[in-house]
>>> print(open('query30.txt').read())   # compact mmCIF, C-alpha atoms and all ligand atoms
# COMPACT_ATOMS: atom_id res chain seq x y z
CA MET N 1 -42.75 -1.50 -13.40
CA ARG N 2 -41.83 1.46 -11.26
CA LEU N 3 -38.12 2.31 -11.29
CA ALA N 4 -36.53 4.71 -8.79
CA ILE N 5 -33.13 6.37 -8.60
CA VAL N 6 -31.89 7.55 -5.23
CA GLN N 7 -29.43 10.47 -5.09
CA THR N 8 -27.65 10.68 -1.75
CA ASN N 9 -24.92 12.69 -0.01
CA PRO N 10 -23.22 10.15 2.23
CA THR N 11 -21.08 11.10 5.21
CA PHE N 12 -17.68 9.49 4.83
CA GLY N 13 -17.21 6.39 6.99
CA LYS N 14 -20.67 6.50 8.61
CA ASN N 15 -22.24 3.38 7.14
CA GLU N 16 -25.15 3.17 9.56
CA VAL N 17 -26.16 6.81 9.11
CA ASN N 18 -25.86 6.59 5.33
CA ILE N 19 -28.00 3.46 5.13
CA HIS N 20 -30.63 5.06 7.36
CA THR N 21 -30.75 8.26 5.29
CA ALA N 22 -31.05 6.33 2.02
CA THR N 23 -33.82 4.03 3.26
CA GLU N 24 -35.72 7.06 4.61
CA GLN N 25 -35.59 8.53 1.08
CA MET N 26 -36.74 5.21 -0.38
CA ARG N 27 -39.70 5.06 2.03
CA GLU N 28 -41.06 8.28 0.52
CA VAL N 29 -41.46 6.90 -3.02
CA PRO N 30 -42.84 3.41 -3.71
CA ALA N 31 -41.04 1.47 -6.45
CA ASP N 32 -40.38 -2.05 -7.70
CA LEU N 33 -36.65 -1.43 -8.07
CA TYR N 34 -34.47 1.18 -6.39
CA VAL N 35 -31.01 2.00 -7.72
CA LEU N 36 -28.62 3.62 -5.23
CA PRO N 37 -25.17 5.18 -5.75
CA GLU N 38 -21.77 3.48 -5.83
CA LEU N 39 -20.29 3.07 -2.30
CA PHE N 40 -23.47 4.65 -0.96
CA ASN N 41 -22.89 3.34 2.55
CA THR N 42 -19.22 4.29 3.04
CA GLY N 43 -18.45 7.41 1.02
CA TYR N 44 -15.80 7.45 -1.69
CA ASN N 45 -12.61 9.41 -1.10
CA PHE N 46 -10.41 6.93 0.77
CA THR N 47 -6.89 8.01 1.74
CA THR N 48 -5.48 4.71 3.05
CA MET N 49 -6.11 1.02 2.63
CA ASP N 50 -6.79 0.86 6.39
CA GLU N 51 -9.78 3.15 5.91
CA VAL N 52 -11.20 0.87 3.23
CA ASP N 53 -10.59 -2.16 5.40
CA ARG N 54 -12.48 -0.56 8.30
CA VAL N 55 -15.71 0.03 6.34
CA ALA N 56 -15.72 -2.87 3.84
CA GLU N 57 -18.46 -5.43 4.42
CA LYS N 58 -19.14 -8.97 3.32
CA SER N 59 -21.98 -9.35 0.84
CA ASP N 60 -24.17 -10.58 3.73
CA GLY N 61 -23.10 -7.77 6.08
CA ALA N 62 -25.06 -5.00 7.80
CA THR N 63 -25.82 -3.06 4.59
CA PHE N 64 -27.15 -6.21 2.95
CA ARG N 65 -29.36 -6.97 5.97
CA ALA N 66 -30.81 -3.45 5.96
CA MET N 67 -31.51 -3.53 2.24
CA VAL N 68 -33.07 -7.00 2.29
CA GLY N 69 -35.20 -5.95 5.27
CA PHE N 70 -36.45 -3.00 3.21
CA ALA N 71 -37.06 -5.26 0.19
CA GLN N 72 -39.06 -7.72 2.30
CA ARG N 73 -41.17 -5.05 3.99
CA ASN N 74 -41.91 -3.33 0.67
CA SER N 75 -41.91 -6.29 -1.76
CA CYS N 76 -39.28 -4.66 -3.96
CA TYR N 77 -35.70 -4.94 -5.22
CA ALA N 78 -32.63 -2.75 -4.74
CA ALA N 79 -29.25 -2.37 -6.43
CA TYR N 80 -26.58 -0.58 -4.39
CA GLY N 81 -22.84 -0.04 -4.35
CA PHE N 82 -20.64 -1.04 -1.41
CA ALA N 83 -17.03 -1.92 -0.56
CA GLU N 84 -17.11 -5.70 -0.65
CA ARG N 85 -14.90 -7.71 1.67
CA ALA N 86 -14.25 -11.06 -0.03
CA ASP N 87 -10.94 -12.79 -0.91
CA GLN N 88 -9.85 -9.20 -1.72
CA ILE N 89 -11.70 -5.89 -1.39
CA TYR N 90 -13.80 -4.93 -4.40
CA ASN N 91 -15.84 -1.91 -5.41
CA SER N 92 -19.07 -3.89 -5.84
CA ALA N 93 -22.79 -3.62 -6.45
CA ALA N 94 -25.35 -5.99 -4.97
CA LEU N 95 -28.83 -6.76 -6.24
CA VAL N 96 -31.21 -7.84 -3.49
CA GLY N 97 -34.90 -8.66 -3.23
CA PRO N 98 -37.37 -10.19 -0.80
CA SER N 99 -35.65 -13.58 -1.11
CA GLY N 100 -32.22 -12.14 -0.26
CA LEU N 101 -29.12 -11.71 -2.40
CA LEU N 102 -29.64 -12.19 -6.14
CA GLY N 103 -26.07 -11.44 -7.10
CA ILE N 104 -22.97 -9.29 -7.01
CA TYR N 105 -21.10 -7.30 -9.65
CA ARG N 106 -17.50 -6.21 -9.02
CA LYS N 107 -16.43 -3.02 -10.82
CA VAL N 108 -14.31 -3.98 -13.81
CA HIS N 109 -13.02 -0.52 -14.83
CA LEU N 110 -11.68 1.17 -11.71
CA PHE N 111 -11.38 4.97 -11.87
CA ASP N 112 -8.32 6.97 -10.77
CA ARG N 113 -7.33 6.31 -7.11
CA GLU N 114 -9.83 3.47 -6.80
CA ASN N 115 -6.95 1.51 -8.32
CA LEU N 116 -5.06 1.99 -5.03
CA PHE N 117 -7.83 0.61 -2.87
CA PHE N 118 -9.81 -2.00 -4.80
CA LYS N 119 -9.03 -5.07 -6.86
CA PRO N 120 -10.50 -5.01 -10.40
CA GLY N 121 -13.73 -6.97 -10.78
CA ASN N 122 -13.54 -10.62 -11.79
CA LEU N 123 -17.18 -11.66 -12.18
CA GLY N 124 -17.94 -10.30 -15.65
CA PHE N 125 -21.13 -8.33 -16.30
CA PRO N 126 -24.09 -10.19 -14.77
CA VAL N 127 -27.76 -10.05 -15.74
CA PHE N 128 -30.54 -11.10 -13.36
CA ASP N 129 -34.02 -12.27 -14.21
CA LEU N 130 -36.50 -10.36 -12.03
CA PRO N 131 -40.31 -10.69 -12.15
CA PHE N 132 -40.59 -7.49 -14.25
CA GLY N 133 -37.59 -8.02 -16.58
CA LYS N 134 -33.86 -8.59 -16.88
CA VAL N 135 -31.56 -6.28 -14.97
CA GLY N 136 -27.81 -5.97 -15.54
CA LEU N 137 -25.28 -4.24 -13.32
CA MET N 138 -22.34 -1.98 -14.03
CA ILE N 139 -20.72 0.75 -11.90
CA CYS N 140 -19.92 4.38 -12.73
CA PHE N 141 -16.75 4.60 -14.92
CA ASP N 142 -17.75 1.35 -16.67
CA TRP N 143 -19.92 3.65 -18.82
CA MET N 144 -16.74 4.89 -20.54
CA TYR N 145 -16.16 1.41 -21.98
CA PRO N 146 -19.02 0.69 -24.41
CA GLU N 147 -18.21 -3.02 -24.05
CA ALA N 148 -19.75 -3.01 -20.55
CA ALA N 149 -23.23 -1.89 -21.62
CA ARG N 150 -22.94 -3.95 -24.82
CA SER N 151 -22.15 -7.12 -22.83
CA LEU N 152 -25.23 -6.55 -20.71
CA ALA N 153 -27.40 -5.90 -23.78
CA LEU N 154 -26.09 -9.01 -25.56
CA LYS N 155 -26.96 -11.04 -22.46
CA GLY N 156 -30.54 -9.83 -22.78
CA ALA N 157 -30.70 -7.11 -20.12
CA HIS N 158 -33.67 -4.74 -20.46
CA LEU N 159 -32.25 -2.31 -17.94
CA ILE N 160 -28.80 -1.35 -16.68
CA ALA N 161 -28.76 -0.53 -12.98
CA HIS N 162 -25.78 1.82 -12.74
CA PRO N 163 -24.69 2.85 -9.23
CA SER N 164 -22.29 5.79 -9.65
CA ASN N 165 -20.15 8.41 -7.92
CA LEU N 166 -19.61 10.68 -10.91
CA VAL N 167 -16.75 13.15 -10.95
CA LEU N 168 -16.33 14.00 -14.64
CA PRO N 169 -19.23 15.80 -16.35
CA HIS N 170 -19.71 13.55 -19.38
CA CYS N 171 -21.58 10.48 -18.13
CA PRO N 172 -25.19 11.77 -17.96
CA ASP N 173 -25.12 12.69 -21.65
CA GLY N 174 -22.91 9.70 -22.49
CA MET N 175 -25.48 7.28 -21.10
CA ILE N 176 -27.96 8.55 -23.69
CA THR N 177 -25.67 7.04 -26.34
CA ARG N 178 -25.17 3.82 -24.33
CA CYS N 179 -28.97 3.40 -24.22
CA LEU N 180 -29.52 4.32 -27.85
CA GLU N 181 -26.79 2.04 -29.24
CA ASN N 182 -28.07 -0.92 -27.21
CA GLY N 183 -31.82 -0.25 -27.19
CA ILE N 184 -31.82 -0.58 -23.43
CA PHE N 185 -32.99 1.35 -20.34
CA ALA N 186 -30.45 2.69 -17.84
CA ALA N 187 -30.82 4.00 -14.31
CA THR N 188 -27.74 5.93 -13.22
CA ALA N 189 -27.90 6.71 -9.49
CA ASP N 190 -25.26 9.24 -8.51
CA ARG N 191 -24.38 11.09 -5.32
CA VAL N 192 -23.91 14.79 -4.64
CA GLY N 193 -21.61 16.71 -2.33
CA ARG N 194 -17.89 17.05 -1.76
CA GLU N 195 -15.26 14.95 0.00
CA ASN N 196 -12.07 16.87 0.76
CA ARG N 197 -9.78 14.36 2.47
CA GLY N 198 -5.99 14.17 2.66
CA ASP N 199 -4.82 16.24 -0.29
CA VAL N 200 -7.62 15.09 -2.59
CA ASP N 201 -10.72 17.22 -3.05
CA ILE N 202 -13.57 15.55 -4.94
CA ARG N 203 -16.89 17.09 -5.97
CA PHE N 204 -19.62 14.83 -7.25
CA ILE N 205 -21.94 15.95 -10.03
CA GLY N 206 -25.34 14.47 -9.10
CA THR N 207 -27.49 14.48 -12.26
CA SER N 208 -28.80 10.96 -11.63
CA GLU N 209 -31.06 9.92 -14.46
CA ILE N 210 -33.27 7.30 -16.08
CA VAL N 211 -32.87 6.96 -19.85
CA SER N 212 -35.07 5.01 -22.28
CA PRO N 213 -33.99 2.65 -25.09
CA ARG N 214 -34.69 5.52 -27.53
CA GLY N 215 -32.29 7.81 -25.68
CA GLU N 216 -34.98 9.90 -23.98
CA VAL N 217 -34.14 11.24 -20.52
CA LEU N 218 -37.22 10.11 -18.58
CA ALA N 219 -36.07 11.60 -15.27
CA ARG N 220 -33.08 13.60 -14.12
CA LEU N 221 -32.19 14.95 -10.70
CA GLY N 222 -30.24 18.15 -9.99
CA LYS N 223 -26.50 18.63 -9.57
CA GLU N 224 -26.56 19.39 -5.87
CA GLU N 225 -29.62 18.17 -4.04
CA GLU N 226 -30.32 14.79 -2.51
CA GLY N 227 -33.49 13.29 -3.92
CA ILE N 228 -35.41 10.37 -5.27
CA ILE N 229 -37.48 10.11 -8.41
CA ALA N 230 -39.45 7.23 -9.90
CA VAL N 231 -40.93 6.58 -13.32
CA GLU N 232 -43.29 3.95 -14.63
CA ILE N 233 -41.70 2.06 -17.53
CA ASP N 234 -42.38 -1.05 -19.58
CA LEU N 235 -39.15 -3.01 -19.79
CA LYS N 236 -40.49 -4.84 -22.85
CA ASP N 237 -39.66 -1.64 -24.80
CA ALA N 238 -36.05 -2.79 -24.60
CA GLU N 239 -36.89 -5.83 -26.73
CA LYS N 240 -37.60 -3.65 -29.77
CA LYS N 241 -34.17 -3.63 -31.42
CA ARG N 242 -35.38 -3.03 -34.96
CA ILE N 243 -34.61 0.46 -36.29
CA ASN N 244 -36.15 0.08 -39.75
CA GLN N 245 -36.80 -2.61 -42.33
CA TYR N 246 -33.07 -3.16 -42.88
CA ASN N 247 -31.42 -2.42 -39.53
CA ASP N 248 -31.57 -4.30 -36.26
CA LEU N 249 -29.35 -2.91 -33.50
CA LEU N 250 -27.79 -6.08 -32.17
CA ALA N 251 -28.29 -8.47 -35.09
CA GLY N 252 -26.62 -5.84 -37.33
CA ARG N 253 -23.29 -6.06 -35.51
CA ARG N 254 -20.35 -7.25 -37.69
CA PRO N 255 -17.93 -8.73 -35.13
CA GLU N 256 -15.82 -10.37 -37.82
CA GLN N 257 -15.04 -6.86 -39.16
CA TYR N 258 -14.14 -5.34 -35.81
CA GLY N 259 -11.03 -7.45 -35.31
CA PHE N 260 -11.22 -7.60 -31.50
C1 LIG D 1 -16.17 6.71 -10.85
O1 LIG D 1 -16.05 5.69 -11.51
N1 LIG D 1 -16.60 6.68 -9.60
C2 LIG D 1 -15.89 8.02 -11.44
>>> encode(input="query30.txt", output="structure tokens", more="lines below")
Ligand code: ACM
Amino acid sequence: MRLAIVQTNPTFGKNEVNIHTATEQMREVPADLYVLPELFNTGYNFTTMDEVDRVAEKSDGATFRAMVGFAQRNSCYAAYGFAERADQIYNSAALVGPSGLLGIYRKVHLFDRENLFFKPGNLGFPVFDLPFGKVGLMICFDWMYPEAARSLALKGAHLIAHPSNLVLPHCPDGMITRCLENGIFAATADRVGRENRGDVDIRFIGTSEIVSPRGEVLARLGKEEEGIIAVEIDLKDAEKKRINQYNDLLAGRRPEQYGF
């Protein structure tokens, strides 16, 4: 399958413009699955709850309709981050395809001031069966908790679609370990640019990447430029969990010794 990561620089609060810019990037590079950044339609650096409320959308809102339209026209799938208006407002990711919405993930580990504006996720870590393999979702700072990627791997995911808005520098290298320790692919789609709003100035680090189950960086974008890159991968490679005659990555776990 052909997997693409889309690195954007959204304009805060301009959902329509941001969706248009992202889908224009996607049109340039054919793929079976596109992974877009966290909150790619709204921007990130909220200063009040009112601001979040103004741009949050239901899972079948305008962003969903645009992404499903793209998926139908191009017979493909897309995972993207958005502010989800439901019983509460969540920092969510949707997975859509030609048939519509496949599912939603709500960010479990909220980062920094996200805790002021979003409720913590309550849907666990979901895995979806697509025609080319099993795709799990997590969002940005979830990478810091190895349990997130491990849950997805234990549920059989071949690939982690990982919409992100990275601020700290560690994730791109950290995801190499997440992939290696789970024998799984990951596609981290980050944004670039700066949002200086209120008294909070945030710079995003770009460096979106696709990593293989052996920890190889198959594609990586720069720190500053918008872009899209796709690689051809065989998701079946994520089924090879055996390291040698005596070690199997997942079967070798010793949960009774971990004590949690
Ligand atoms: C982050 O979780 N957006 C850093």
>>> residues_near_ligand(input="query30.txt", ligand="ligand LIG 1 (chain D)", cutoff="6 Å", atoms="all atoms listed in the file", output="PyMOL selection string")
chain N and resi 111+140-141+164-167
>>> residues_around(input="query30.txt", residues="Gly133 (chain N)", least_positions_apart="3", cutoff="10 Å", atoms="all atoms listed in the file", output="PyMOL selection string")
chain N and resi 1+128-130+156-159+234-236+238
>>> write_last_selection(input="query30.txt", atoms="C-alpha atoms", output="mmCIF file, keeping the file's coordinate frame")
data_model
loop_
_atom_site.group_PDB
_atom_site.id
_atom_site.type_symbol
_atom_site.label_atom_id
_atom_site.label_comp_id
_atom_site.auth_asym_id
_atom_site.auth_seq_id
_atom_site.Cartn_x
_atom_site.Cartn_y
_atom_site.Cartn_z
ATOM 1 C CA MET N 1 -42.750 -1.500 -13.400
ATOM 2 C CA PHE N 128 -30.540 -11.100 -13.360
ATOM 3 C CA ASP N 129 -34.020 -12.270 -14.210
ATOM 4 C CA LEU N 130 -36.500 -10.360 -12.030
ATOM 5 C CA GLY N 156 -30.540 -9.830 -22.780
ATOM 6 C CA ALA N 157 -30.700 -7.110 -20.120
ATOM 7 C CA HIS N 158 -33.670 -4.740 -20.460
ATOM 8 C CA LEU N 159 -32.250 -2.310 -17.940
ATOM 9 C CA ASP N 234 -42.380 -1.050 -19.580
ATOM 10 C CA LEU N 235 -39.150 -3.010 -19.790
ATOM 11 C CA LYS N 236 -40.490 -4.840 -22.850
ATOM 12 C CA ALA N 238 -36.050 -2.790 -24.600
#
>>> closest_residue(input="query30.txt", among="N:Leu154, N:Ile160, N:Val6, N:Cys76", to="Val211 (chain N)", atoms="only C-alpha atoms")
N:Ile160
>>> atom_distance(input="query30.txt", atom1="CA of Asn45 (chain N)", atom2="CA of Gly198 (chain N)")
9.0 Å
>>> closest_residue(input="query30.txt", among="N:Glu181, N:Glu114, N:Glu84, N:Glu209", to="Val55 (chain N)", atoms="all atoms listed in the file")
N:Glu84
>>> closest_atom_pairs(input="query30.txt", of="region 46-84 of chain N", to="region 30-36 of chain N", cutoff="8 Å", atoms="all atoms listed in the file", output="Markdown table")
| residue | atom | partner | partner_atom | distance |
| --- | --- | --- | --- | --- |
| N:Ser75 | CA | N:Asp32 | CA | 7.5 |
| N:Cys76 | CA | N:Asp32 | CA | 4.7 |
| N:Tyr77 | CA | N:Leu33 | CA | 4.6 |
| N:Ala78 | CA | N:Tyr34 | CA | 4.6 |
| N:Ala79 | CA | N:Val35 | CA | 4.9 |
| N:Tyr80 | CA | N:Leu36 | CA | 4.7 |
| N:Gly81 | CA | N:Leu36 | CA | 6.9 |
>>> residues_near_point(input="query30.txt", point="(-7.7, 3.9, -4.7)", cutoff="9 Å", atoms="all atoms listed in the file", output="ChimeraX atom specification")
/N:45-49,110-118
>>> atom_distance(input="query30.txt", atom1="CA of Ala161 (chain N)", atom2="CA of Asp201 (chain N)")
27.2 Å
>>> decode(input="query30.txt", residues="region 117-143 of chain N", atoms="C-alpha atoms", output="PDB file, in the first residue's frame")
ATOM      1  CA  PHE N 117      -9.686  23.033  26.657  1.00  0.00           C
ATOM      2  CA  PHE N 118     -10.373  19.347  26.036  1.00  0.00           C
ATOM      3  CA  LYS N 119     -11.767  16.436  28.008  1.00  0.00           C
ATOM      4  CA  PRO N 120      -9.458  13.381  28.157  1.00  0.00           C
ATOM      5  CA  GLY N 121     -10.322  10.642  25.677  1.00  0.00           C
ATOM      6  CA  ASN N 122     -12.696   7.893  26.748  1.00  0.00           C
ATOM      7  CA  LEU N 123     -12.756   5.511  23.782  1.00  0.00           C
ATOM      8  CA  GLY N 124      -9.549   3.556  24.381  1.00  0.00           C
ATOM      9  CA  PHE N 125      -7.103   2.925  21.525  1.00  0.00           C
ATOM     10  CA  PRO N 126      -9.030   1.698  18.473  1.00  0.00           C
ATOM     11  CA  VAL N 127      -7.801  -0.420  15.569  1.00  0.00           C
ATOM     12  CA  PHE N 128      -9.596  -0.511  12.207  1.00  0.00           C
ATOM     13  CA  ASP N 129      -9.516  -3.221   9.592  1.00  0.00           C
ATOM     14  CA  LEU N 130      -8.859  -1.605   6.203  1.00  0.00           C
ATOM     15  CA  PRO N 131      -8.470  -3.458   2.871  1.00  0.00           C
ATOM     16  CA  PHE N 132      -4.655  -3.186   3.087  1.00  0.00           C
ATOM     17  CA  GLY N 133      -4.189  -3.884   6.823  1.00  0.00           C
ATOM     18  CA  LYS N 134      -5.041  -2.891  10.377  1.00  0.00           C
ATOM     19  CA  VAL N 135      -4.637   0.749  11.333  1.00  0.00           C
ATOM     20  CA  GLY N 136      -4.629   2.073  14.900  1.00  0.00           C
ATOM     21  CA  LEU N 137      -4.910   5.679  16.016  1.00  0.00           C
ATOM     22  CA  MET N 138      -3.129   7.715  18.654  1.00  0.00           C
ATOM     23  CA  ILE N 139      -2.414  11.460  18.857  1.00  0.00           C
ATOM     24  CA  CYS N 140       0.861  13.313  19.445  1.00  0.00           C
ATOM     25  CA  PHE N 141       1.820  13.215  23.183  1.00  0.00           C
ATOM     26  CA  ASP N 142       0.369   9.688  23.453  1.00  0.00           C
ATOM     27  CA  TRP N 143       3.781   8.626  22.101  1.00  0.00           C
TER      28      TRP N 143
END
